[in-house]
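Peer 1: Contents of protein_9.cif (mmCIF, C-alpha atoms and all ligand atoms) are given next:
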```cif
data_protein
#
loop_
_atom_site.label_atom_id
_atom_site.label_comp_id
_atom_site.auth_asym_id
_atom_site.auth_seq_id
_atom_site.Cartn_x
_atom_site.Cartn_y
_atom_site.Cartn_z
CA MET A 1 5.67 -31.21 4.05
CA ASP A 2 8.14 -30.10 6.71
CA PRO A 3 10.71 -27.50 5.66
CA ASN A 4 14.28 -28.79 5.58
CA PRO A 5 15.44 -28.10 9.16
CA GLY A 6 19.19 -28.41 8.51
CA VAL A 7 19.38 -25.35 6.28
CA LEU A 8 16.84 -23.33 8.18
CA ASN A 9 18.64 -23.85 11.49
CA ALA A 10 21.85 -22.49 10.03
CA LEU A 11 20.30 -19.28 8.69
CA PRO A 12 18.52 -16.40 10.42
CA LYS A 13 14.82 -16.22 9.61
CA THR A 14 14.04 -13.93 6.66
CA ILE A 15 10.73 -12.77 8.18
CA ARG A 16 9.36 -12.98 11.71
CA PHE A 17 5.94 -11.75 12.70
CA ARG A 18 4.54 -10.83 16.08
CA PRO A 19 0.76 -10.51 16.00
CA PRO A 20 -0.93 -7.55 17.66
CA SER A 21 -2.02 -8.00 21.28
CA GLU A 22 -3.71 -5.88 23.92
CA THR A 23 -0.35 -4.49 25.01
CA GLN A 24 1.76 -4.48 21.84
CA ARG A 25 1.45 -3.44 18.21
CA ALA A 26 2.10 -5.97 15.48
CA VAL A 27 5.63 -6.09 14.10
CA VAL A 28 7.06 -7.48 10.86
CA ASP A 29 10.67 -8.18 11.74
CA LEU A 30 12.95 -8.51 8.70
CA LEU A 31 16.49 -9.76 8.24
CA ASP A 32 18.04 -6.64 6.65
CA GLN A 33 19.42 -8.02 3.38
CA THR A 34 20.95 -4.65 2.41
CA CYS A 35 23.55 -5.18 5.17
CA LEU A 36 24.59 -8.73 4.20
CA PRO A 37 27.15 -10.23 4.14
CA ASN A 38 28.93 -7.79 6.44
CA GLN A 39 26.33 -7.42 9.14
CA VAL A 40 23.50 -9.65 10.28
CA THR A 41 20.96 -7.11 11.52
CA ARG A 42 17.19 -6.90 11.57
CA LEU A 43 14.68 -4.17 10.84
CA GLU A 44 11.46 -4.07 12.83
CA CYS A 45 8.54 -2.62 10.89
CA PHE A 46 5.73 -1.33 13.09
CA ASP A 47 3.81 0.50 10.35
CA VAL A 48 2.88 0.05 6.71
CA ASP A 49 5.09 2.86 5.40
CA THR A 50 8.23 1.40 7.00
CA LEU A 51 7.47 -2.02 5.49
CA HIS A 52 6.68 -0.45 2.10
CA ASP A 53 10.03 1.33 2.16
CA ALA A 54 11.79 -1.89 3.26
CA ILE A 55 10.36 -3.76 0.25
CA VAL A 56 11.37 -0.92 -2.12
CA ARG A 57 14.94 -0.84 -0.68
CA LEU A 58 15.25 -4.67 -0.85
CA VAL A 59 15.62 -5.13 2.91
CA VAL A 60 13.28 -8.03 2.14
CA ARG A 61 13.32 -9.25 -1.46
CA GLY A 62 12.70 -12.30 -3.59
CA ALA A 63 9.21 -12.98 -4.92
CA PRO A 64 7.82 -15.39 -2.26
CA ALA A 65 9.32 -13.40 0.66
CA ILE A 66 7.83 -10.14 -0.62
CA GLY A 67 4.41 -11.83 -0.74
CA VAL A 68 4.68 -13.16 2.82
CA ALA A 69 5.98 -9.83 4.20
CA ALA A 70 3.13 -7.95 2.52
CA ALA A 71 0.51 -10.38 3.85
CA TYR A 72 1.74 -9.79 7.40
CA GLY A 73 2.09 -6.09 6.55
CA VAL A 74 -1.68 -5.69 6.17
CA LEU A 75 -1.83 -6.26 9.95
CA LEU A 76 0.38 -3.20 10.47
CA ALA A 77 -2.56 -0.99 9.48
CA GLU A 78 -3.19 1.63 12.11
CA VAL A 79 -6.35 0.62 14.01
CA GLN A 80 -7.46 1.34 17.55
CA GLU A 81 -7.97 -1.65 19.83
CA ASP A 82 -11.72 -0.83 20.02
CA ALA A 83 -12.09 -0.07 16.29
CA SER A 84 -15.37 -1.09 14.68
CA LEU A 85 -15.48 -3.73 11.97
CA ASP A 86 -15.98 -1.04 9.30
CA GLU A 87 -13.00 0.96 10.53
CA ARG A 88 -10.79 -2.12 10.50
CA VAL A 89 -11.92 -3.22 7.04
CA ARG A 90 -11.17 0.25 5.67
CA ALA A 91 -7.71 0.36 7.33
CA TYR A 92 -6.73 -3.15 6.15
CA ARG A 93 -7.83 -2.44 2.59
CA ILE A 94 -5.87 0.83 2.51
CA ALA A 95 -2.80 -1.03 3.84
CA ALA A 96 -3.13 -3.74 1.16
CA ASP A 97 -3.48 -1.13 -1.61
CA ARG A 98 -0.42 0.76 -0.35
CA LEU A 99 1.76 -2.36 -0.12
CA ALA A 100 0.71 -3.36 -3.64
CA THR A 101 2.53 -0.25 -4.95
CA SER A 102 5.91 -1.29 -3.51
CA ARG A 103 7.28 -3.39 -6.42
CA PRO A 104 5.53 -4.18 -9.71
CA THR A 105 7.06 -7.38 -11.11
CA ALA A 106 6.86 -10.23 -8.57
CA VAL A 107 3.28 -11.49 -8.84
CA ASN A 108 3.51 -13.22 -5.43
CA LEU A 109 3.04 -9.77 -3.86
CA PHE A 110 -0.35 -9.29 -5.56
CA TRP A 111 -1.30 -12.94 -5.05
CA ALA A 112 -0.69 -12.72 -1.28
CA LEU A 113 -2.48 -9.36 -0.94
CA ASP A 114 -5.44 -10.76 -2.91
CA ALA A 115 -5.57 -13.68 -0.47
CA MET A 116 -5.78 -11.17 2.40
CA ARG A 117 -8.49 -9.14 0.59
CA SER A 118 -10.47 -12.33 -0.11
CA GLY A 119 -10.16 -13.20 3.59
CA ILE A 120 -11.74 -9.85 4.47
CA ASP A 121 -14.56 -10.34 1.93
CA ARG A 122 -15.25 -13.88 3.14
CA PHE A 123 -15.32 -12.70 6.76
CA LEU A 124 -17.80 -9.94 5.86
CA ARG A 125 -20.07 -12.43 4.07
CA GLU A 126 -20.04 -14.70 7.13
CA GLU A 127 -20.59 -11.76 9.48
CA ALA A 128 -23.75 -10.79 7.58
CA HIS A 129 -25.33 -13.82 9.27
CA GLY A 130 -23.69 -13.38 12.68
CA ASN A 131 -24.76 -11.03 15.45
CA ALA A 132 -21.57 -10.50 17.48
CA PRO A 133 -21.21 -6.89 18.67
CA ASP A 134 -18.65 -4.38 17.39
CA PRO A 135 -15.72 -4.19 18.24
CA ALA A 136 -15.61 -7.95 18.89
CA LYS A 137 -16.22 -8.45 15.17
CA GLY A 138 -13.21 -6.24 14.39
CA THR A 139 -11.00 -8.30 16.69
CA ALA A 140 -12.31 -11.51 15.12
CA LEU A 141 -11.39 -10.17 11.66
CA GLN A 142 -7.89 -9.35 12.91
CA THR A 143 -7.52 -12.91 14.24
CA ARG A 144 -8.71 -14.29 10.89
CA LEU A 145 -6.17 -12.20 8.96
CA VAL A 146 -3.33 -13.31 11.25
CA GLU A 147 -4.33 -16.91 10.49
CA ILE A 148 -4.37 -16.30 6.72
CA ALA A 149 -0.97 -14.55 6.67
CA THR A 150 0.56 -17.26 8.87
CA GLN A 151 -0.85 -19.93 6.56
CA ILE A 152 0.63 -18.19 3.48
CA ASP A 153 4.00 -18.10 5.27
CA ARG A 154 3.84 -21.77 6.29
CA GLU A 155 2.58 -22.96 2.91
CA GLU A 156 5.27 -21.05 1.00
CA ALA A 157 7.87 -22.80 3.18
CA GLY A 158 6.30 -26.20 2.44
CA ARG A 159 6.25 -25.43 -1.29
CA CYS A 160 10.00 -24.76 -1.20
CA GLN A 161 10.62 -28.18 0.30
CA ALA A 162 8.49 -29.85 -2.40
CA ILE A 163 10.27 -27.87 -5.15
CA GLY A 164 13.58 -29.02 -3.68
CA GLU A 165 12.57 -32.67 -3.74
CA HIS A 166 11.20 -32.56 -7.31
CA GLY A 167 14.22 -30.56 -8.50
CA ALA A 168 16.71 -32.90 -6.81
CA ALA A 169 15.03 -35.95 -8.38
CA TYR A 170 15.12 -34.26 -11.80
CA LEU A 171 18.82 -33.40 -11.42
CA ASP A 172 19.50 -36.91 -10.24
CA ARG A 173 18.17 -38.23 -13.56
CA LEU A 174 20.01 -35.52 -15.53
CA VAL A 175 23.47 -35.82 -13.99
CA ALA A 176 25.26 -39.16 -14.05
CA THR A 177 28.41 -38.04 -12.21
CA ASP A 178 28.77 -38.17 -8.39
CA SER A 179 29.23 -34.44 -8.08
CA VAL A 180 26.78 -31.85 -9.40
CA ARG A 181 27.76 -28.36 -10.50
CA ILE A 182 25.03 -25.73 -10.68
CA LEU A 183 25.19 -22.16 -11.93
CA THR A 184 22.63 -19.75 -10.48
CA HIS A 185 21.77 -16.08 -10.82
CA CYS A 186 20.54 -13.61 -8.18
CA ASN A 187 19.31 -15.13 -4.93
CA ALA A 188 16.43 -17.57 -5.02
CA GLY A 189 17.35 -19.26 -1.77
CA ALA A 190 16.14 -19.27 1.83
CA LEU A 191 16.71 -15.51 1.99
CA ALA A 192 14.16 -14.99 -0.80
CA THR A 193 11.48 -17.20 0.78
CA THR A 194 10.33 -18.44 4.17
CA GLY A 195 11.60 -21.96 3.41
CA ILE A 196 14.71 -23.41 1.76
CA GLY A 197 14.31 -21.32 -1.39
CA THR A 198 13.29 -22.21 -4.92
CA ALA A 199 16.35 -22.40 -7.20
CA LEU A 200 18.55 -23.35 -4.24
CA ALA A 201 16.05 -25.84 -2.80
CA PRO A 202 17.22 -28.74 -5.05
CA VAL A 203 20.81 -27.87 -4.11
CA TYR A 204 20.00 -28.17 -0.40
CA CYS A 205 18.13 -31.44 -0.94
CA LEU A 206 21.01 -32.99 -2.89
CA HIS A 207 23.47 -31.71 -0.27
CA GLN A 208 21.38 -33.28 2.49
CA GLN A 209 21.29 -36.57 0.59
CA GLY A 210 25.11 -36.57 0.75
CA ARG A 211 25.64 -35.72 -2.93
CA SER A 212 28.62 -33.47 -3.65
CA VAL A 213 27.19 -30.17 -4.94
CA GLU A 214 29.03 -27.07 -6.00
CA VAL A 215 27.32 -23.82 -6.88
CA ILE A 216 28.68 -21.06 -9.10
CA ALA A 217 26.88 -17.86 -8.09
CA ASP A 218 26.66 -15.10 -10.67
CA GLU A 219 27.42 -11.88 -8.80
CA THR A 220 24.23 -10.34 -10.30
CA ARG A 221 24.80 -6.71 -11.18
CA PRO A 222 23.85 -4.11 -10.15
CA LEU A 223 22.86 -4.97 -6.55
CA LEU A 224 24.93 -8.13 -6.19
CA GLN A 225 22.29 -10.46 -4.79
CA GLY A 226 24.45 -13.38 -6.00
CA ALA A 227 27.78 -12.20 -4.59
CA ARG A 228 26.34 -10.83 -1.35
CA LEU A 229 23.38 -13.07 -0.59
CA THR A 230 23.63 -16.40 -2.43
CA ALA A 231 27.32 -16.75 -1.57
CA TRP A 232 26.66 -15.88 2.10
CA GLU A 233 23.62 -18.12 2.37
CA LEU A 234 25.28 -21.17 0.81
CA ALA A 235 28.52 -20.73 2.73
CA THR A 236 26.56 -20.37 6.00
CA ALA A 237 24.61 -23.53 5.17
CA GLY A 238 27.85 -25.40 4.41
CA VAL A 239 27.47 -25.70 0.61
CA SER A 240 30.50 -25.11 -1.60
CA VAL A 241 30.10 -21.86 -3.56
CA THR A 242 32.22 -19.85 -5.99
CA VAL A 243 31.28 -16.36 -7.18
CA CYS A 244 31.78 -15.33 -10.80
CA THR A 245 31.00 -11.95 -12.33
CA ASP A 246 28.01 -11.92 -14.70
CA SER A 247 30.38 -11.35 -17.61
CA MET A 248 32.24 -14.59 -16.86
CA ALA A 249 29.15 -16.83 -17.02
CA ALA A 250 29.22 -17.56 -20.78
CA GLN A 251 32.86 -18.56 -20.55
CA VAL A 252 32.17 -20.80 -17.55
CA LEU A 253 29.34 -22.47 -19.51
CA SER A 254 31.57 -22.93 -22.56
CA GLN A 255 33.97 -25.03 -20.53
CA ARG A 256 31.15 -27.58 -20.10
CA LYS A 257 31.71 -27.96 -16.40
CA ILE A 258 28.19 -26.89 -15.47
CA ASP A 259 25.51 -29.60 -15.21
CA ALA A 260 22.56 -27.20 -15.10
CA VAL A 261 21.64 -23.55 -14.66
CA ILE A 262 18.84 -23.08 -12.10
CA VAL A 263 17.16 -19.73 -11.44
CA GLY A 264 14.06 -18.51 -9.66
CA ALA A 265 11.23 -16.42 -11.13
CA ASP A 266 9.29 -13.28 -10.30
CA ARG A 267 6.41 -13.93 -12.67
CA ILE A 268 5.66 -16.68 -15.18
CA ALA A 269 3.28 -15.87 -18.05
CA ALA A 270 0.61 -18.28 -19.31
CA ASN A 271 2.90 -19.42 -22.15
CA GLY A 272 5.83 -20.21 -19.82
CA ASP A 273 7.89 -17.05 -20.43
CA VAL A 274 9.74 -16.17 -17.22
CA ALA A 275 10.52 -12.77 -15.70
CA ASN A 276 13.49 -12.95 -13.35
CA LYS A 277 16.44 -10.81 -12.25
CA ILE A 278 18.10 -8.84 -15.03
CA GLY A 279 20.79 -11.01 -16.60
CA THR A 280 18.73 -14.23 -16.53
CA TYR A 281 17.84 -13.93 -20.23
CA GLY A 282 21.48 -13.61 -21.30
CA LEU A 283 22.35 -16.60 -19.17
CA ALA A 284 19.57 -18.66 -20.81
CA VAL A 285 20.84 -17.73 -24.29
CA ALA A 286 24.39 -18.73 -23.32
CA ALA A 287 23.17 -21.99 -21.73
CA LYS A 288 21.24 -22.89 -24.91
CA HIS A 289 24.28 -22.15 -27.05
CA HIS A 290 26.42 -24.45 -24.93
CA GLY A 291 23.81 -27.20 -24.50
CA VAL A 292 23.51 -26.73 -20.74
CA PRO A 293 20.01 -27.44 -19.31
CA PHE A 294 18.32 -24.24 -18.15
CA LEU A 295 15.86 -24.80 -15.29
CA VAL A 296 13.49 -22.45 -13.48
CA ALA A 297 12.21 -23.25 -9.98
CA ALA A 298 9.12 -21.46 -8.67
CA PRO A 299 5.96 -22.06 -6.66
CA ILE A 300 2.53 -21.92 -8.30
CA SER A 301 2.06 -18.48 -6.65
CA THR A 302 4.59 -17.12 -9.18
CA PHE A 303 2.45 -18.04 -12.22
CA ASP A 304 0.20 -15.35 -13.66
CA SER A 305 -2.28 -16.91 -16.06
CA ASN A 306 -3.81 -13.47 -16.70
CA ILE A 307 -0.65 -12.51 -18.59
CA ALA A 308 -0.49 -14.27 -21.95
CA THR A 309 3.18 -13.72 -22.80
CA GLY A 310 6.31 -12.42 -21.10
CA ASP A 311 6.45 -9.13 -23.00
CA LEU A 312 3.30 -8.06 -21.11
CA ILE A 313 4.90 -8.52 -17.66
CA PRO A 314 5.50 -5.13 -15.98
CA ILE A 315 9.22 -4.67 -15.45
CA GLU A 316 10.40 -2.61 -12.49
CA GLN A 317 12.69 0.29 -13.43
CA ARG A 318 14.91 1.17 -10.48
CA SER A 319 16.79 4.34 -9.60
CA GLU A 320 19.72 5.26 -11.84
CA LYS A 321 21.72 5.93 -8.66
CA GLU A 322 22.14 2.16 -8.27
CA ILE A 323 24.19 2.18 -11.47
CA ARG A 324 25.90 5.57 -11.28
CA GLN A 325 27.08 5.40 -7.69
CA PRO A 326 26.50 1.99 -6.11
CA ASP A 327 28.51 2.94 -3.02
CA ARG A 328 27.26 6.32 -1.82
CA SER A 329 30.47 6.97 0.09
CA ALA A 330 32.62 6.48 -3.02
CA ASN A 331 33.00 8.36 -6.32
CA ALA A 332 30.47 7.97 -9.12
CA TRP A 333 31.24 5.20 -11.63
CA THR A 334 29.53 6.92 -14.55
CA PRO A 335 29.95 10.44 -15.98
CA ARG A 336 26.96 12.70 -15.40
CA GLU A 337 26.69 13.32 -19.18
CA ALA A 338 25.84 9.65 -19.87
CA ASP A 339 22.31 8.29 -19.49
CA VAL A 340 21.95 4.98 -17.66
CA MET A 341 19.30 2.26 -17.65
CA ASN A 342 18.31 0.10 -14.69
CA PRO A 343 15.57 -2.46 -15.37
CA ALA A 344 15.45 -4.87 -12.41
CA PHE A 345 14.20 -7.85 -14.45
CA ASP A 346 14.23 -9.35 -17.92
CA VAL A 347 12.12 -11.98 -19.64
CA THR A 348 13.40 -15.38 -20.74
CA PRO A 349 11.27 -16.90 -23.52
CA ALA A 350 9.82 -20.33 -22.73
CA GLY A 351 11.68 -21.77 -25.72
CA LEU A 352 14.99 -21.40 -23.85
CA ILE A 353 13.74 -23.23 -20.76
CA GLN A 354 14.24 -27.00 -20.42
CA ALA A 355 12.00 -27.32 -17.36
CA ILE A 356 10.06 -25.37 -14.74
CA VAL A 357 10.05 -27.09 -11.35
CA THR A 358 7.10 -26.31 -9.04
CA GLN A 359 5.82 -27.85 -5.81
CA LEU A 360 3.71 -30.20 -7.96
CA GLY A 361 6.46 -31.54 -10.20
CA VAL A 362 8.20 -30.62 -13.43
CA ILE A 363 6.87 -28.92 -16.58
CA GLU A 364 9.28 -30.00 -19.29
CA ARG A 365 9.68 -27.71 -22.33
CA PRO A 366 6.91 -25.37 -21.07
CA THR A 367 4.17 -24.33 -23.49
CA GLU A 368 0.81 -22.63 -23.00
CA LEU A 369 -0.87 -26.05 -22.91
CA SER A 370 1.54 -27.74 -20.48
CA VAL A 371 1.53 -24.72 -18.15
CA ALA A 372 -2.31 -24.64 -18.14
CA THR A 373 -2.51 -28.39 -17.48
CA HIS A 374 -0.06 -28.07 -14.59
CA LEU A 375 -1.94 -25.11 -13.09
CA ASN A 376 -5.27 -26.94 -13.42
CA SER A 377 -3.86 -29.86 -11.45
CA ALA A 378 -2.78 -27.32 -8.79
CA ALA A 379 -6.27 -25.87 -8.62
CA ASN A 380 -7.56 -29.23 -7.42
CA ARG A 381 -4.97 -29.61 -4.66
CA SER A 382 -3.87 -27.29 -1.88
CA ILE A 383 -0.10 -27.38 -1.71
O1 LIG B 401 15.19 -7.78 -6.95
P1 LIG B 401 15.10 -9.08 -6.18
O2 LIG B 401 16.31 -9.37 -5.36
O3 LIG B 401 13.81 -9.16 -5.39
O4 LIG B 401 15.02 -10.18 -7.30
C1 LIG B 401 14.85 -11.52 -6.91
C2 LIG B 401 14.82 -12.47 -8.04
O5 LIG B 401 14.90 -12.11 -9.18
C3 LIG B 401 14.60 -13.91 -7.67
O6 LIG B 401 15.24 -14.75 -8.58
C4 LIG B 401 13.10 -14.23 -7.70
O7 LIG B 401 12.37 -13.28 -6.97
C5 LIG B 401 12.81 -15.58 -7.16
S1 LIG B 401 13.12 -15.69 -5.43
C6 LIG B 401 12.70 -17.25 -4.93
#
```
Let me see the file written as structure tokens.

Peer 2:
Amino acid sequence: MDPNPGVLNALPKTIRFRPPSETQRAVVDLLDQTCLPNQVTRLECFDVDTLHDAIVRLVVRGAPAIGVAAAYGVLLAEVQEDASLDERVRAYRIAADRLATSRPTAVNLFWALDAMRSGIDRFLREEAHGNAPDPAKGTALQTRLVEIATQIDREEAGRCQAIGEHGAAYLDRLVATDSVRILTHCNAGALATTGIGTALAPVYCLHQQGRSVEVIADETRPLLQGARLTAWELATAGVSVTVCTDSMAAQVLSQRKIDAVIVGADRIAANGDVANKIGTYGLAVAAKHHGVPFLVAAPISTFDSNIATGDLIPIEQRSEKEIRQPDRSANAWTPREADVMNPAFDVTPAGLIQAIVTQLGVIERPTELSVATHLNSAANRSI
């Protein structure tokens, strides 16, 4: 499916990739999301360490985008033009292992790196029967890995479009009024993917269909992905957006003016529990209390069937500096004597989720059985 061009034309690309050539090194060129909304600048990563640091610092962030960036990042491994196949394989594997240590929660990172590793293994199996000379084999492997990373990028974009269409159809059935009001948390939009986003994809589809849509964006403490990124992205794409602080969300829900809460996901356990940006769980509890449908939108690459329940999902603990002194040029917000906590994600139990929207359709009231059935249907199709 083609990604929604309207939205994507309005926004700068989250990730660009220039493959290596005889004259130039590969580059992973990122929209620097730490500078938004004040500056639209890019960071060019020419080596694995720079990309690793960019993922840690959230220059590129959001589960699908991290996966795509890391897949391209394997091609930043330092290899000589005339490197042998063995040398290349070693360098690419080291690069994949290094990038896998950048952030622990979003499973798309590991999924994409595993796809690159499998590509290497498959190539080596095929090469066992071929007799091309080194270093031509090494160059052929590089070409193969560029193809795989590019395919991951393109397919993630297509999945966003499909999620948008399924989500918009679901909302259409859910909301009888002409205008639709959505509350979202963090940024699960185009900036977090290489397409039109996950949680924001249904919003863009409804908007494109001419439906009046308004989004309330939780500011998303502590790093303000909602206030800085979601608000900027939606405003740039021409969608009406209002920012509320995280502490206002329950009150906003109590006024019954929200048709649905839609969030993204970093990892979904086999039983449908969802890890997403810290604050998502509280929002789900408040939505349940006020009878507001709570929806999660994510591609199949975000499901981790090796993890039985959400409490087993590794949760990233970030630096306490992000809480104590968010603006390094300003005074600290917290006395040195106080301890602080900074988990980047929390887990929303499946029981609080009305539906998970994927590129294949909708899992209503997710359970271990319905998630497994949905994933099995995905295994037989390649979307
Ligand atoms: O720490 P971040 O900004 O990477 O967290 C992002 C989120 O929690 C998103 O909701 C999630 O990755 C889904 S993005 C489509």

Peer 1: Between A:Ser179, A:Gln255, A:Thr139, A:Thr14, which has the minimum distance to Asp32 of chain A (counting only C-alpha atoms)?

Peer 2: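 Ranked by minimum distance to Asp32 of chain A, first place goes to A:Thr14.
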
Peer 1: Check the smallest atom-to-atom distance from each of A:Gly310, A:Gly226, A:Pro135, A:Gly291 to ligand LIG 401 (chain B) using only C-alpha atoms and all ligand atoms, then report the winner.

Peer 2: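 Looking at the shortest contact to ligand LIG 401 (chain B), the residue is A:Gly226.
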
Peer 1: Suppose you want the space between atom CA of Leu51 of chain A and atom CA of Arg122 of chain A; what is it in Å?

Peer 2: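 Here the two named atoms are 25.7 Å from each other.
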
Peer 1: Suppose you want the space between atom CA of Cys186 of chain A and atom CA of Ala149 of chain A; what is it in Å?

Peer 2: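 Answer for the atom CA of Cys186 of chain A to atom CA of Ala149 of chain A separation: 26.2 Å.
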
Peer 1: Tell me, in Å to one decimal, how far atom CA of Ala100 of chain A is from atom CA of Ala350 of chain A.

Peer 2: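 Atom CA of Ala350 of chain A lies 27.1 Å from atom CA of Ala100 of chain A.
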
Peer 1: Quick one: residues within 6 Å of ligand LIG 401 (chain B), with only C-alpha atoms and all ligand atoms, as a ChimeraX atom specification?

Peer 2: /A:61-64,186-189,192-193,197-198,264-266,276-277

Peer 1: Could you give me the centre and size, in Å to one decimal, of an axis-aligned box around all listed atoms of segment 144-153 of chain A with 3 Å added on every side, as AutoDock Vina command-line options?

Peer 2:
```
--center_x -2.4 --center_y -16.1 --center_z 7.4 --size_x 18.7 --size_y 13.7 --size_z 13.8
```

Peer 1: Find the spatial neighbours of Ile148 of chain A, counting only C-alpha atoms, within a cut-off of 8 Å - ignore same-chain residues fewer than 6 positions away - and output them as an NGL selection string.

Peer 2: :A and (115-116 or 119)

Peer 1: Please determine, counting all atoms listed in the file, which residue among A:Thr34, A:Thr50, A:Thr220, A:Asn331 has the shortest atom-to-atom distance to Val263 of chain A.

Peer 2: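 Residue with the minimum atom-to-atom distance to Val263 of chain A: A:Thr220.
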
Peer 1: Tell me which of A:His166, A:Lys13, A:Arg256, A:Arg42 sits closest to Gly195 of chain A, counting all atoms listed in the file.

Peer 2: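 Nearest candidate to Gly195 of chain A out of A:His166, A:Lys13, A:Arg256, A:Arg42: A:Lys13.
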
Peer 1: Missing atoms in segment 188-200 of chain A: can you complete it with N, CA, C and O atoms, as a compact mmCIF listing (two decimals), in the frame of the given file?

Peer 2:
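Generated output (part.txt):
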```txt
# COMPACT_ATOMS: atom_id res chain seq x y z
N ALA A 188 17.74 -16.92 -5.12
CA ALA A 188 16.43 -17.57 -5.02
C ALA A 188 16.57 -18.68 -3.98
O ALA A 188 16.21 -19.83 -4.21
N GLY A 189 17.12 -18.31 -2.84
CA GLY A 189 17.35 -19.26 -1.77
C GLY A 189 16.46 -19.00 -0.57
O GLY A 189 15.41 -18.35 -0.69
N ALA A 190 16.91 -19.47 0.60
CA ALA A 190 16.14 -19.27 1.83
C ALA A 190 15.90 -17.79 2.09
O ALA A 190 14.85 -17.41 2.60
N LEU A 191 16.86 -16.95 1.73
CA LEU A 191 16.71 -15.51 1.99
C LEU A 191 15.56 -14.90 1.19
O LEU A 191 15.04 -13.85 1.55
N ALA A 192 15.20 -15.53 0.08
CA ALA A 192 14.16 -14.99 -0.80
C ALA A 192 12.79 -15.60 -0.52
O ALA A 192 11.83 -15.31 -1.22
N THR A 193 12.73 -16.47 0.49
CA THR A 193 11.48 -17.20 0.78
C THR A 193 11.36 -17.34 2.31
O THR A 193 12.19 -16.81 3.05
N THR A 194 10.38 -18.12 2.75
CA THR A 194 10.33 -18.44 4.17
C THR A 194 10.69 -19.91 4.37
O THR A 194 10.52 -20.45 5.47
N GLY A 195 11.17 -20.56 3.32
CA GLY A 195 11.60 -21.96 3.41
C GLY A 195 13.04 -22.09 2.94
O GLY A 195 13.87 -21.20 3.19
N ILE A 196 13.32 -23.17 2.20
CA ILE A 196 14.71 -23.41 1.76
C ILE A 196 14.97 -22.83 0.38
O ILE A 196 15.97 -23.16 -0.25
N GLY A 197 14.07 -21.96 -0.10
CA GLY A 197 14.31 -21.32 -1.39
C GLY A 197 13.61 -22.06 -2.52
O GLY A 197 12.88 -23.03 -2.31
N THR A 198 13.84 -21.55 -3.74
CA THR A 198 13.29 -22.21 -4.92
C THR A 198 14.44 -22.77 -5.75
O THR A 198 14.69 -23.97 -5.73
N ALA A 199 15.23 -21.89 -6.39
CA ALA A 199 16.35 -22.40 -7.20
C ALA A 199 17.38 -23.13 -6.34
O ALA A 199 18.01 -24.09 -6.79
N LEU A 200 17.55 -22.68 -5.09
CA LEU A 200 18.55 -23.35 -4.24
C LEU A 200 17.97 -24.55 -3.50
O LEU A 200 18.72 -25.33 -2.91
```
